[in-house]
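Structure data (CSV, C-alpha atoms and all ligand atoms) from input-v2.csv:
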```csv
chain,number,residue,atom,x,y,z
G,13,MET,CA,-26.5,-22.6,-5.8
G,14,ASN,CA,-22.8,-23.3,-5.3
G,15,ASP,CA,-21.6,-23.2,-1.7
G,16,ARG,CA,-17.9,-22.6,-2.3
G,17,ILE,CA,-15.9,-19.4,-2.6
G,18,GLY,CA,-12.3,-18.7,-3.8
G,19,ILE,CA,-9.7,-16.2,-2.6
G,20,VAL,CA,-6.7,-14.9,-4.5
G,21,THR,CA,-4.1,-12.4,-3.3
G,22,GLY,CA,-2.3,-10.3,-5.9
G,23,GLY,CA,0.5,-7.7,-6.0
G,24,GLY,CA,3.0,-7.0,-3.2
G,25,ASP,CA,2.3,-8.6,0.2
G,26,CYS,CA,1.4,-6.5,3.3
G,27,PRO,CA,0.4,-7.0,6.9
G,28,GLY,CA,-3.3,-8.1,7.2
G,29,LEU,CA,-3.6,-10.4,4.1
G,30,ASN,CA,-3.9,-13.4,6.3
G,31,ALA,CA,-6.3,-11.7,8.6
G,32,VAL,CA,-8.6,-11.0,5.6
G,33,ILE,CA,-8.2,-14.6,4.4
G,34,ARG,CA,-9.2,-15.8,7.8
G,35,ALA,CA,-12.2,-13.5,8.0
G,36,VAL,CA,-13.5,-14.5,4.6
G,37,ALA,CA,-13.2,-18.2,5.4
G,38,LYS,CA,-14.8,-17.7,8.8
G,39,ALA,CA,-17.7,-15.6,7.5
G,40,GLY,CA,-18.2,-18.1,4.6
G,41,ALA,CA,-18.1,-21.1,7.0
G,42,LYS,CA,-20.8,-19.4,9.1
G,43,ARG,CA,-23.0,-19.6,6.0
G,44,GLY,CA,-22.1,-23.2,5.5
G,45,TRP,CA,-19.7,-22.4,2.6
G,46,GLU,CA,-16.4,-23.9,1.9
G,47,THR,CA,-13.4,-21.6,1.0
G,48,ILE,CA,-10.4,-22.4,-1.1
G,49,GLY,CA,-7.4,-20.1,-1.6
G,50,PHE,CA,-5.4,-20.1,-4.9
G,51,LEU,CA,-1.7,-20.2,-4.5
G,52,GLY,CA,0.8,-17.7,-5.9
G,53,GLY,CA,-1.6,-15.0,-7.1
G,54,PHE,CA,-3.7,-15.3,-10.3
G,55,GLU,CA,-1.3,-17.7,-11.9
G,56,GLY,CA,-2.5,-20.3,-9.3
G,57,ILE,CA,-6.0,-20.1,-10.7
G,58,LEU,CA,-4.8,-21.4,-14.0
G,59,GLU,CA,-2.9,-24.3,-12.6
G,60,PRO,CA,-4.7,-27.5,-11.7
G,61,GLU,CA,-4.5,-28.3,-7.9
G,62,GLN,CA,-2.8,-24.9,-7.1
G,63,PHE,CA,-5.2,-24.2,-4.3
G,64,MET,CA,-5.6,-24.8,-0.6
G,65,PRO,CA,-8.8,-25.7,1.1
G,66,LEU,CA,-9.2,-23.2,4.0
G,67,ASP,CA,-10.9,-25.3,6.6
G,68,TYR,CA,-11.1,-24.2,10.2
G,69,GLN,CA,-7.9,-25.8,11.3
G,70,LYS,CA,-5.9,-23.7,8.7
G,71,LEU,CA,-7.2,-20.5,10.2
G,72,SER,CA,-5.6,-20.7,13.6
G,73,GLY,CA,-3.0,-17.9,14.1
G,74,LEU,CA,-3.8,-16.1,10.9
G,75,LEU,CA,-5.2,-13.0,12.4
G,76,THR,CA,-1.8,-11.7,13.5
G,77,ARG,CA,0.5,-13.5,11.0
G,78,GLY,CA,2.3,-11.3,8.4
G,79,GLY,CA,2.5,-12.0,4.7
G,80,THR,CA,0.1,-14.3,2.9
G,81,ILE,CA,-0.2,-18.1,3.4
G,82,LEU,CA,-1.4,-18.2,-0.2
G,83,GLY,CA,1.7,-16.5,-1.7
G,84,THR,CA,1.4,-13.6,-4.2
G,85,ALA,CA,3.0,-12.0,-7.2
G,86,ASN,CA,3.5,-8.5,-8.5
G,87,ARG,CA,5.1,-9.4,-11.8
G,88,GLY,CA,4.1,-11.8,-14.7
G,89,ARG,CA,1.2,-12.4,-17.0
G,90,PHE,CA,-1.4,-11.0,-14.7
G,91,SER,CA,0.4,-7.6,-14.2
G,92,ALA,CA,-2.1,-4.9,-15.2
G,93,LYS,CA,0.4,-2.1,-14.9
G,94,VAL,CA,3.2,-2.1,-17.3
G,95,GLY,CA,5.6,0.8,-17.9
G,96,ASP,CA,3.6,3.8,-18.7
G,97,GLY,CA,1.0,3.8,-15.9
G,98,GLU,CA,-1.7,2.7,-18.3
G,99,THR,CA,-3.8,-0.4,-17.5
G,100,ARG,CA,-3.0,-3.4,-19.7
G,101,ARG,CA,-5.9,-5.4,-21.1
G,102,LEU,CA,-5.6,-9.1,-20.1
G,103,PRO,CA,-5.5,-11.5,-23.1
G,104,GLN,CA,-8.9,-13.2,-23.5
G,105,SER,CA,-7.2,-16.6,-23.0
G,106,LEU,CA,-6.3,-15.6,-19.4
G,107,ILE,CA,-9.8,-14.5,-18.6
G,108,ASP,CA,-11.2,-17.7,-20.1
G,109,GLY,CA,-8.8,-19.7,-18.0
G,110,VAL,CA,-9.9,-18.1,-14.8
G,111,HIS,CA,-13.5,-18.5,-15.9
G,112,ALA,CA,-13.0,-22.2,-16.5
G,113,THR,CA,-11.5,-22.7,-13.0
G,114,VAL,CA,-14.3,-20.8,-11.3
G,115,ASP,CA,-16.8,-23.0,-13.2
G,116,LYS,CA,-14.9,-26.2,-12.5
G,117,GLN,CA,-14.5,-25.4,-8.8
G,118,LYS,CA,-18.2,-24.4,-8.7
G,119,LEU,CA,-17.3,-21.1,-7.0
G,120,ARG,CA,-20.1,-18.8,-6.0
G,121,GLY,CA,-17.7,-15.9,-5.9
G,122,LEU,CA,-14.0,-15.1,-6.1
G,123,VAL,CA,-12.5,-12.7,-3.6
G,124,CYS,CA,-9.6,-10.7,-5.1
G,125,ILE,CA,-7.4,-9.0,-2.5
G,126,GLY,CA,-5.1,-6.4,-3.8
G,127,GLY,CA,-4.3,-2.9,-4.8
G,128,ASP,CA,-4.8,-0.9,-8.0
G,129,GLY,CA,-3.1,-3.5,-10.3
G,130,THR,CA,-4.9,-6.5,-8.8
G,131,LEU,CA,-8.2,-4.9,-8.7
G,132,SER,CA,-7.8,-3.7,-12.3
G,133,ILE,CA,-7.5,-7.3,-13.2
G,134,ALA,CA,-10.5,-8.2,-11.0
G,135,GLN,CA,-12.5,-5.6,-12.9
G,136,GLN,CA,-11.5,-7.1,-16.3
G,137,LEU,CA,-12.5,-10.6,-15.0
G,138,PHE,CA,-15.8,-9.2,-13.8
G,139,GLU,CA,-16.4,-7.7,-17.2
G,140,GLY,CA,-15.6,-11.1,-18.6
G,141,GLY,CA,-18.3,-12.7,-16.5
G,142,VAL,CA,-16.4,-13.9,-13.5
G,143,PRO,CA,-18.2,-13.3,-10.1
G,144,VAL,CA,-15.6,-11.2,-8.3
G,145,VAL,CA,-15.6,-9.0,-5.3
G,146,GLY,CA,-12.5,-6.9,-4.2
G,147,VAL,CA,-10.8,-6.1,-0.9
G,148,PRO,CA,-8.5,-3.1,-1.0
G,149,LYS,CA,-4.9,-3.8,0.1
G,150,THR,CA,-1.7,-1.8,-0.1
G,151,ILE,CA,0.7,-0.2,2.3
G,152,ASP,CA,0.7,2.8,-0.1
G,153,ASN,CA,-3.0,3.8,0.6
G,154,ASP,CA,-3.2,5.0,-3.0
G,155,LEU,CA,-6.4,3.3,-4.0
G,156,GLU,CA,-9.5,5.4,-4.7
G,157,GLY,CA,-12.9,4.4,-3.3
G,158,THR,CA,-11.7,3.8,0.3
G,159,LEU,CA,-10.4,6.2,2.9
G,160,TRP,CA,-7.8,3.6,4.0
G,161,THR,CA,-6.6,0.4,2.5
G,162,PHE,CA,-5.5,-2.4,5.0
G,163,GLY,CA,-1.8,-2.6,5.5
G,164,PHE,CA,-1.3,1.2,5.5
G,165,ASP,CA,-1.7,1.7,9.2
G,166,SER,CA,0.9,-1.1,9.8
G,167,ALA,CA,3.4,0.5,7.5
G,168,VAL,CA,2.9,3.9,9.1
G,169,ALA,CA,3.4,2.3,12.6
G,170,CYS,CA,6.7,0.8,11.3
G,171,ALA,CA,7.9,4.1,9.8
G,172,THR,CA,6.9,6.0,12.9
G,173,ASP,CA,8.8,3.6,15.1
G,174,ALA,CA,11.8,4.1,12.9
G,175,LEU,CA,11.5,7.9,13.2
G,176,ASP,CA,11.3,7.6,17.0
G,177,ARG,CA,14.6,5.6,17.0
G,178,LEU,CA,16.3,7.9,14.5
G,179,HIS,CA,15.3,10.9,16.6
G,180,THR,CA,17.4,10.0,19.5
G,181,THR,CA,20.5,9.2,17.5
G,182,ALA,CA,20.1,12.3,15.3
G,183,GLU,CA,19.9,14.4,18.5
G,184,SER,CA,22.9,12.8,20.1
G,185,HIS,CA,25.1,13.5,17.1
G,186,ASN,CA,23.6,16.8,15.9
G,187,ARG,CA,23.0,15.2,12.5
G,188,LEU,CA,20.6,15.4,9.7
G,189,MET,CA,18.8,12.1,9.6
G,190,VAL,CA,16.9,11.1,6.4
G,191,LEU,CA,14.4,8.3,6.5
G,192,GLU,CA,13.2,7.0,3.1
G,193,VAL,CA,9.9,5.3,3.1
G,194,MET,CA,7.8,3.5,0.5
G,195,GLY,CA,4.6,4.6,-1.1
G,196,ARG,CA,5.3,4.7,-4.8
G,197,HIS,CA,3.7,7.8,-6.4
G,198,ALA,CA,1.8,8.7,-3.2
G,199,GLY,CA,3.1,10.4,-0.1
G,200,TRP,CA,0.6,8.9,2.4
G,201,ILE,CA,3.1,6.9,4.4
G,202,ALA,CA,5.7,9.7,4.5
G,203,LEU,CA,3.0,12.2,5.6
G,204,TYR,CA,1.3,10.2,8.3
G,205,ALA,CA,4.5,8.7,9.7
G,206,GLY,CA,6.3,12.1,9.4
G,207,VAL,CA,3.7,13.8,11.4
G,208,ALA,CA,3.3,11.0,14.0
G,209,GLY,CA,7.1,10.7,14.3
G,210,GLY,CA,7.8,14.4,14.6
G,211,ALA,CA,9.7,14.9,11.4
G,212,ASP,CA,10.8,18.5,10.7
G,213,VAL,CA,10.8,18.0,6.9
G,214,ILE,CA,8.5,15.7,4.9
G,215,LEU,CA,9.1,15.3,1.1
G,216,ILE,CA,6.3,13.7,-0.9
G,217,PRO,CA,5.7,13.1,-4.6
G,218,GLU,CA,2.8,15.5,-4.6
G,219,ILE,CA,4.9,18.5,-3.6
G,220,PRO,CA,8.2,18.7,-5.6
G,221,PHE,CA,10.9,20.1,-3.4
G,222,HIS,CA,13.7,22.7,-3.5
G,223,TYR,CA,16.9,22.2,-1.5
G,224,GLU,CA,16.9,25.9,-0.6
G,225,SER,CA,13.7,25.5,1.3
G,226,ILE,CA,15.0,22.5,3.3
G,227,CYS,CA,18.3,24.3,4.1
G,228,ALA,CA,16.3,27.3,5.3
G,229,LYS,CA,14.3,25.1,7.6
G,230,ILE,CA,17.6,23.5,9.0
G,231,ALA,CA,19.1,26.9,9.6
G,232,ASP,CA,16.0,28.2,11.2
G,233,ARG,CA,15.9,25.3,13.6
G,234,GLU,CA,19.5,26.0,14.6
G,235,GLN,CA,19.1,29.8,14.9
G,236,ARG,CA,15.7,30.2,16.4
G,237,GLU,CA,15.1,26.8,18.1
G,238,ASN,CA,18.6,25.9,19.1
G,239,LYS,CA,18.1,22.5,17.6
G,240,ARG,CA,21.2,21.2,15.9
G,241,PHE,CA,19.6,18.1,14.4
G,242,THR,CA,16.9,17.7,11.8
G,243,LEU,CA,14.7,14.7,10.9
G,244,ILE,CA,13.7,14.4,7.3
G,245,THR,CA,11.1,11.8,6.0
G,246,VAL,CA,11.3,11.3,2.2
G,247,ALA,CA,8.8,9.2,0.2
G,248,GLU,CA,10.5,7.0,-2.4
G,249,GLY,CA,8.6,8.8,-5.2
G,250,ALA,CA,9.5,12.3,-4.1
G,251,ARG,CA,11.6,14.4,-6.4
G,252,GLU,CA,13.2,17.8,-6.7
G,253,GLN,CA,11.3,20.5,-8.6
G,254,ASP,CA,12.1,19.7,-12.3
G,255,GLY,CA,14.1,16.7,-11.2
G,256,GLU,CA,13.7,13.0,-12.2
G,257,LEU,CA,12.3,10.1,-10.2
G,258,VAL,CA,15.1,8.2,-8.5
G,259,THR,CA,14.9,4.5,-9.3
G,260,ALA,CA,16.5,1.4,-7.8
G,261,ALA,CA,19.5,0.1,-9.9
G,262,ASP,CA,19.7,0.7,-13.6
G,263,GLN,CA,16.1,0.9,-14.7
G,264,PRO,CA,14.2,3.3,-17.0
G,265,ALA,CA,12.4,6.0,-15.0
G,266,ASN,CA,8.8,5.1,-16.0
G,267,ARG,CA,5.9,4.9,-13.6
G,268,GLU,CA,6.1,1.2,-13.0
G,269,THR,CA,9.8,1.0,-12.4
G,270,ARG,CA,11.1,0.1,-8.9
G,271,LEU,CA,11.7,3.2,-6.9
G,272,GLY,CA,14.4,3.8,-4.3
G,273,GLY,CA,17.5,5.9,-3.6
G,274,ILE,CA,16.1,9.4,-3.2
G,275,GLY,CA,17.0,9.3,0.5
G,276,ALA,CA,20.7,9.0,-0.2
G,277,VAL,CA,20.5,11.7,-2.9
G,278,VAL,CA,18.8,14.1,-0.5
G,279,ALA,CA,21.3,13.3,2.4
G,280,GLU,CA,24.3,13.8,0.2
G,281,GLU,CA,23.1,17.1,-1.2
G,282,LEU,CA,22.1,18.5,2.2
G,283,GLU,CA,25.4,17.5,3.6
G,284,LYS,CA,27.1,19.5,0.8
G,285,ARG,CA,24.9,22.5,1.2
G,286,THR,CA,24.8,22.8,5.0
G,287,GLY,CA,28.2,21.3,6.0
G,288,LYS,CA,26.4,19.2,8.5
G,289,GLU,CA,26.8,15.4,8.8
G,290,ALA,CA,23.9,13.6,7.2
G,291,ARG,CA,22.9,9.9,7.4
G,292,VAL,CA,20.2,8.0,5.5
G,293,CYS,CA,18.1,5.0,6.6
G,294,VAL,CA,16.0,3.2,3.9
G,295,LEU,CA,13.2,1.3,5.7
G,296,GLY,CA,12.3,-0.8,2.6
G,297,HIS,CA,10.4,-4.0,3.0
G,298,LEU,CA,10.4,-3.8,6.8
G,299,GLN,CA,7.3,-1.8,6.2
G,300,ARG,CA,5.6,-4.7,4.5
G,301,GLY,CA,6.5,-7.4,7.0
G,302,GLY,CA,5.3,-8.5,10.4
G,303,CYS,CA,2.0,-8.4,12.2
G,304,PRO,CA,-0.8,-6.0,11.3
G,305,THR,CA,-1.6,-3.3,13.9
G,306,ASN,CA,-4.7,-3.5,15.9
G,307,PHE,CA,-6.5,-1.1,13.5
G,308,ASP,CA,-5.5,-3.2,10.5
G,309,ARG,CA,-6.6,-6.4,12.2
G,310,ALA,CA,-10.0,-5.0,12.9
G,311,LEU,CA,-10.3,-3.5,9.4
G,312,CYS,CA,-9.3,-6.8,7.9
G,313,CYS,CA,-12.0,-8.6,9.9
G,314,LEU,CA,-14.7,-6.2,8.8
G,315,PHE,CA,-13.5,-6.2,5.2
G,316,GLY,CA,-13.5,-10.0,5.0
G,317,ALA,CA,-17.0,-10.3,6.5
G,318,GLU,CA,-18.3,-7.5,4.2
G,319,ALA,CA,-16.8,-9.3,1.1
G,320,VAL,CA,-18.8,-12.5,2.0
G,321,GLU,CA,-21.9,-10.4,2.4
G,322,LEU,CA,-21.4,-9.0,-1.1
G,323,ILE,CA,-21.1,-12.5,-2.5
G,324,ALA,CA,-24.2,-13.7,-0.6
G,325,ALA,CA,-26.1,-10.7,-2.1
G,326,GLY,CA,-24.8,-11.5,-5.6
G,327,ARG,CA,-23.3,-7.9,-5.7
G,328,PHE,CA,-20.3,-8.7,-7.9
G,329,GLY,CA,-17.9,-6.2,-9.4
G,330,ARG,CA,-17.8,-4.3,-6.0
G,331,MET,CA,-15.0,-3.6,-3.6
G,332,VAL,CA,-15.4,-3.3,0.2
G,333,SER,CA,-14.4,0.1,1.4
G,334,TYR,CA,-13.6,1.9,4.6
G,335,GLN,CA,-15.6,5.2,4.9
G,336,GLY,CA,-14.2,6.5,8.2
G,337,THR,CA,-17.2,5.6,10.4
G,338,HIS,CA,-18.2,2.4,8.7
G,339,VAL,CA,-17.3,-0.3,6.2
G,340,SER,CA,-19.3,-0.2,2.9
G,341,ASN,CA,-18.6,-1.0,-0.7
G,342,VAL,CA,-18.1,0.7,-4.1
G,343,LYS,CA,-17.9,-0.4,-7.7
G,344,ILE,CA,-14.4,-1.8,-8.4
G,345,ALA,CA,-14.5,0.3,-11.6
G,346,ASP,CA,-14.7,3.5,-9.5
G,347,ALA,CA,-11.6,2.6,-7.4
G,348,VAL,CA,-9.1,1.7,-10.1
G,349,GLY,CA,-7.4,3.4,-13.0
G,350,ARG,CA,-6.2,6.5,-11.1
G,351,LEU,CA,-4.2,6.8,-8.0
G,352,LYS,CA,-5.4,8.5,-4.8
G,353,THR,CA,-2.6,10.9,-3.9
G,354,VAL,CA,-2.2,13.4,-1.1
G,355,PRO,CA,-4.0,16.7,-1.8
G,356,PRO,CA,-1.1,19.2,-1.4
G,357,ASP,CA,-3.5,21.8,0.0
G,358,GLY,CA,-5.7,19.3,1.9
G,359,ASP,CA,-6.4,19.5,5.7
G,360,PHE,CA,-3.6,17.1,6.6
G,361,ALA,CA,-0.8,19.0,4.8
G,362,ARG,CA,-2.2,22.3,5.9
G,363,ASN,CA,-2.2,21.4,9.6
G,364,ALA,CA,1.2,19.9,9.3
G,365,ARG,CA,2.4,23.2,7.9
G,366,ALA,CA,0.8,24.9,10.9
G,367,LEU,CA,3.0,22.8,13.1
G,368,GLY,CA,6.1,24.2,11.3
G,369,ILE,CA,6.7,21.1,9.2
G,370,CYS,CA,8.5,21.9,5.9
G,371,PHE,CA,7.5,20.2,2.7
G,372,GLY,CA,10.4,21.6,0.8
G,373,ASP,CA,8.3,23.9,-1.4
G,401,LIG,O1,3.1,-1.1,-3.6
G,401,LIG,C1,3.7,-1.6,-2.4
G,401,LIG,C2,5.2,-1.4,-2.5
G,401,LIG,O2,5.7,-1.8,-1.3
G,401,LIG,C3,5.6,0.1,-2.8
G,401,LIG,O3,5.5,0.9,-1.8
G,401,LIG,C4,7.0,-0.2,-3.4
G,401,LIG,O4,7.4,0.8,-4.3
G,401,LIG,C5,6.8,-1.5,-4.1
G,401,LIG,O5,5.7,-2.1,-3.5
G,401,LIG,C6,8.0,-2.4,-3.9
G,401,LIG,O6,7.8,-3.6,-4.7
G,401,LIG,P1,8.7,-4.9,-4.7
G,401,LIG,O7,7.9,-5.9,-3.9
G,401,LIG,O8,8.7,-5.3,-6.1
G,401,LIG,O9,10.0,-4.6,-4.1
```
As structure tokens, what does this structure read like?
Amino acid sequence: MNDRIGIVTGGGDCPGLNAVIRAVAKAGAKRGWETIGFLGGFEGILEPEQFMPLDYQKLSGLLTRGGTILGTANRGRFSAKVGDGETRRLPQSLIDGVHATVDKQKLRGLVCIGGDGTLSIAQQLFEGGVPVVGVPKTIDNDLEGTLWTFGFDSAVACATDALDRLHTTAESHNRLMVLEVMGRHAGWIALYAGVAGGADVILIPEIPFHYESICAKIADREQRENKRFTLITVAEGAREQDGELVTAADQPANRETRLGGIGAVVAEELEKRTGKEARVCVLGHLQRGGCPTNFDRALCCLFGAEAVELIAAGRFGRMVSYQGTHVSNVKIADAVGRLKTVPPDGDFARNARALGICFGD
């Protein structure tokens, strides 16, 4: 039996990738296995010598280090998501290429760390006979099959810190302060950070908004609460009822396009409608950078160890998953293909409403 495993990171980076790499290599080493990491995402698997042996020396400092020492890519030949939200089938030649490297490197298993796109590729590789296991990564937390993905908690911590800072300046100037956060077509970051950071209004893709409702909330705060400032958190994928997605630069507004700009649109419209001064802050890639939070570090350690367990047990085609009280695993096929979005009438949104938070509906 081979005693070597491979790791590949795909899609956008996020805090905790290095912590998972470290955990996989450590848990593998404990079993006497060697670990190699492919460089630059799946493309690295196709290139000769595009890998890094992850010996013990290389693992120092990785638990807390942001980004991925292996590099990653969210564009190119291995993109499973193109344009219409459908999953693209990989050409057989790419699957064969990965297979050939796995055989040549005598890998017992390949750990694919990524979100919906990367794990859709992992599933296709698995169907093509490659021994893969998955680890769920994305700040967006929009992957089915796991309660939380790693990276999400770190992004929420960053957005909450931003709200804390915006709170004091909004209050000092009696302004409307809009914070735009990431999340693509899911409102998890906006919802968790909005609640944790005391936002008065939270706009998420799952609940299309009306300006009338937001203006009523602003007026109510002034009249009943004597609060002359309002904090608004808006997810990049939020949109007005019957409105379009706001995209970065000149791009077609399809599901895979780069989002961004809704914060400025909301701030401008609210300024017009209320006569109050409004400012916008776009948090952007700050949410993806830096050290993982304590929670993410621990989650990454458990995920990495569980991924190695799966390989040892020969349970390929499975993704490690966080179930709230413990780490377990599910079929990759059950986690990909549809996004996990915020239930508009779920407990979290319901309790947020009970606190007086306005969703703009
Ligand atoms: O999926 C993670 C994410 O950060 C999204 O929240 C965001 O829309 C997108 O990636 C940004 O991607 P890029 O790295 O291409 O700017």
### Task
Quick one: residues within 9 Å of (-7.0, -13.1, -18.2) (file frame), counting all atoms listed in the file, please, as a ChimeraX atom specification.
/G:54,89-90,101-111,133,136-137,140
### Message
Every residue with an atom at most 7 Å from (21.0, 10.3, 2.2) (file coordinates; all atoms listed in the file) is what I'm after, so could you write them as a VMD selection string?
### Response
chain G and resid 190 275 to 280 290 to 292
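Considering only C-alpha atoms and all ligand atoms, the residue among G:Asn86, G:Asn363, G:Ser333, G:Ser340 positioned nearest to ligand LIG 401 (chain G) is G:Asn86.
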### Task
Give the residue list for ligand LIG 401 (chain G) at 8 Å, counting all atoms listed in the file, as a PyMOL selection string, sorted by chain and then by residue number.
chain G and resi 23-26+86-87+127+150-152+193-196+248+270-272+296-297+299-300
May I have the selected residues written with C-alpha atoms, as a PDB file, keeping the file's coordinate frame?
```
ATOM      1  CA  GLY G  23       0.500  -7.700  -6.000  1.00  0.00           C
ATOM      2  CA  GLY G  24       3.000  -7.000  -3.200  1.00  0.00           C
ATOM      3  CA  ASP G  25       2.300  -8.600   0.200  1.00  0.00           C
ATOM      4  CA  CYS G  26       1.400  -6.500   3.300  1.00  0.00           C
ATOM      5  CA  ASN G  86       3.500  -8.500  -8.500  1.00  0.00           C
ATOM      6  CA  ARG G  87       5.100  -9.400 -11.800  1.00  0.00           C
ATOM      7  CA  GLY G 127      -4.300  -2.900  -4.800  1.00  0.00           C
ATOM      8  CA  THR G 150      -1.700  -1.800  -0.100  1.00  0.00           C
ATOM      9  CA  ILE G 151       0.700  -0.200   2.300  1.00  0.00           C
ATOM     10  CA  ASP G 152       0.700   2.800  -0.100  1.00  0.00           C
ATOM     11  CA  VAL G 193       9.900   5.300   3.100  1.00  0.00           C
ATOM     12  CA  MET G 194       7.800   3.500   0.500  1.00  0.00           C
ATOM     13  CA  GLY G 195       4.600   4.600  -1.100  1.00  0.00           C
ATOM     14  CA  ARG G 196       5.300   4.700  -4.800  1.00  0.00           C
ATOM     15  CA  GLU G 248      10.500   7.000  -2.400  1.00  0.00           C
ATOM     16  CA  ARG G 270      11.100   0.100  -8.900  1.00  0.00           C
ATOM     17  CA  LEU G 271      11.700   3.200  -6.900  1.00  0.00           C
ATOM     18  CA  GLY G 272      14.400   3.800  -4.300  1.00  0.00           C
ATOM     19  CA  GLY G 296      12.300  -0.800   2.600  1.00  0.00           C
ATOM     20  CA  HIS G 297      10.400  -4.000   3.000  1.00  0.00           C
ATOM     21  CA  GLN G 299       7.300  -1.800   6.200  1.00  0.00           C
ATOM     22  CA  ARG G 300       5.600  -4.700   4.500  1.00  0.00           C
TER      23      ARG G 300
END
```
### Message
Need the shell around Ala345 in chain G: protein/DNA/RNA residues with any atom at most 10 Å away, counting all atoms listed in the file. Skip same-chain ones fewer than 4 positions apart. Format as JSON, numbers by chain?
### Response
{"G": [131, 132, 134, 135, 136, 138, 139, 156, 157, 329, 330, 331, 349]}
## Note on the structure
Of G:Leu175, G:Ala85, G:Ala112, G:Asp373, the one nearest to Ser225 in chain G when counting only C-alpha atoms is G:Asp373
Env of range 35-43 of chain G: 9 Å cut, atoms = only C-alpha atoms, seq-sep filter 4 positions within chain, self excluded. Answer as a PDB file with C-alpha atoms, keeping the file's coordinate frame.
```pdb
ATOM      1  CA  ASP G  15     -21.600 -23.200  -1.700  1.00  0.00           C
ATOM      2  CA  ARG G  16     -17.900 -22.600  -2.300  1.00  0.00           C
ATOM      3  CA  ILE G  17     -15.900 -19.400  -2.600  1.00  0.00           C
ATOM      4  CA  ILE G  19      -9.700 -16.200  -2.600  1.00  0.00           C
ATOM      5  CA  ASN G  30      -3.900 -13.400   6.300  1.00  0.00           C
ATOM      6  CA  ALA G  31      -6.300 -11.700   8.600  1.00  0.00           C
ATOM      7  CA  THR G  47     -13.400 -21.600   1.000  1.00  0.00           C
ATOM      8  CA  ILE G  48     -10.400 -22.400  -1.100  1.00  0.00           C
ATOM      9  CA  LEU G  66      -9.200 -23.200   4.000  1.00  0.00           C
ATOM     10  CA  ASP G  67     -10.900 -25.300   6.600  1.00  0.00           C
ATOM     11  CA  TYR G  68     -11.100 -24.200  10.200  1.00  0.00           C
ATOM     12  CA  LEU G  71      -7.200 -20.500  10.200  1.00  0.00           C
ATOM     13  CA  LEU G  75      -5.200 -13.000  12.400  1.00  0.00           C
ATOM     14  CA  VAL G 123     -12.500 -12.700  -3.600  1.00  0.00           C
ATOM     15  CA  CYS G 312      -9.300  -6.800   7.900  1.00  0.00           C
ATOM     16  CA  CYS G 313     -12.000  -8.600   9.900  1.00  0.00           C
ATOM     17  CA  LEU G 314     -14.700  -6.200   8.800  1.00  0.00           C
ATOM     18  CA  PHE G 315     -13.500  -6.200   5.200  1.00  0.00           C
ATOM     19  CA  GLY G 316     -13.500 -10.000   5.000  1.00  0.00           C
ATOM     20  CA  ALA G 317     -17.000 -10.300   6.500  1.00  0.00           C
ATOM     21  CA  GLU G 318     -18.300  -7.500   4.200  1.00  0.00           C
ATOM     22  CA  ALA G 319     -16.800  -9.300   1.100  1.00  0.00           C
ATOM     23  CA  VAL G 320     -18.800 -12.500   2.000  1.00  0.00           C
ATOM     24  CA  GLU G 321     -21.900 -10.400   2.400  1.00  0.00           C
ATOM     25  CA  ALA G 324     -24.200 -13.700  -0.600  1.00  0.00           C
TER      26      ALA G 324
END
```
### Task
Give me the residues within 7 Å of Asn153 in chain G as a PyMOL selection string, counting all atoms listed in the file and dropping any in the same chain fewer than 6 places off.
chain G and resi 160-161+164+200
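The shortest atom-to-atom distance to Cys370 in chain G, with only C-alpha atoms taken into account, belongs to G:Ile219 out of G:Val20, G:Ile219, G:Ile125, G:Val354.
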### Query
When you draw a straight line from CA of Leu51 in chain G to CA of Phe63 in chain G, how long is it in Å?
5.3 Å
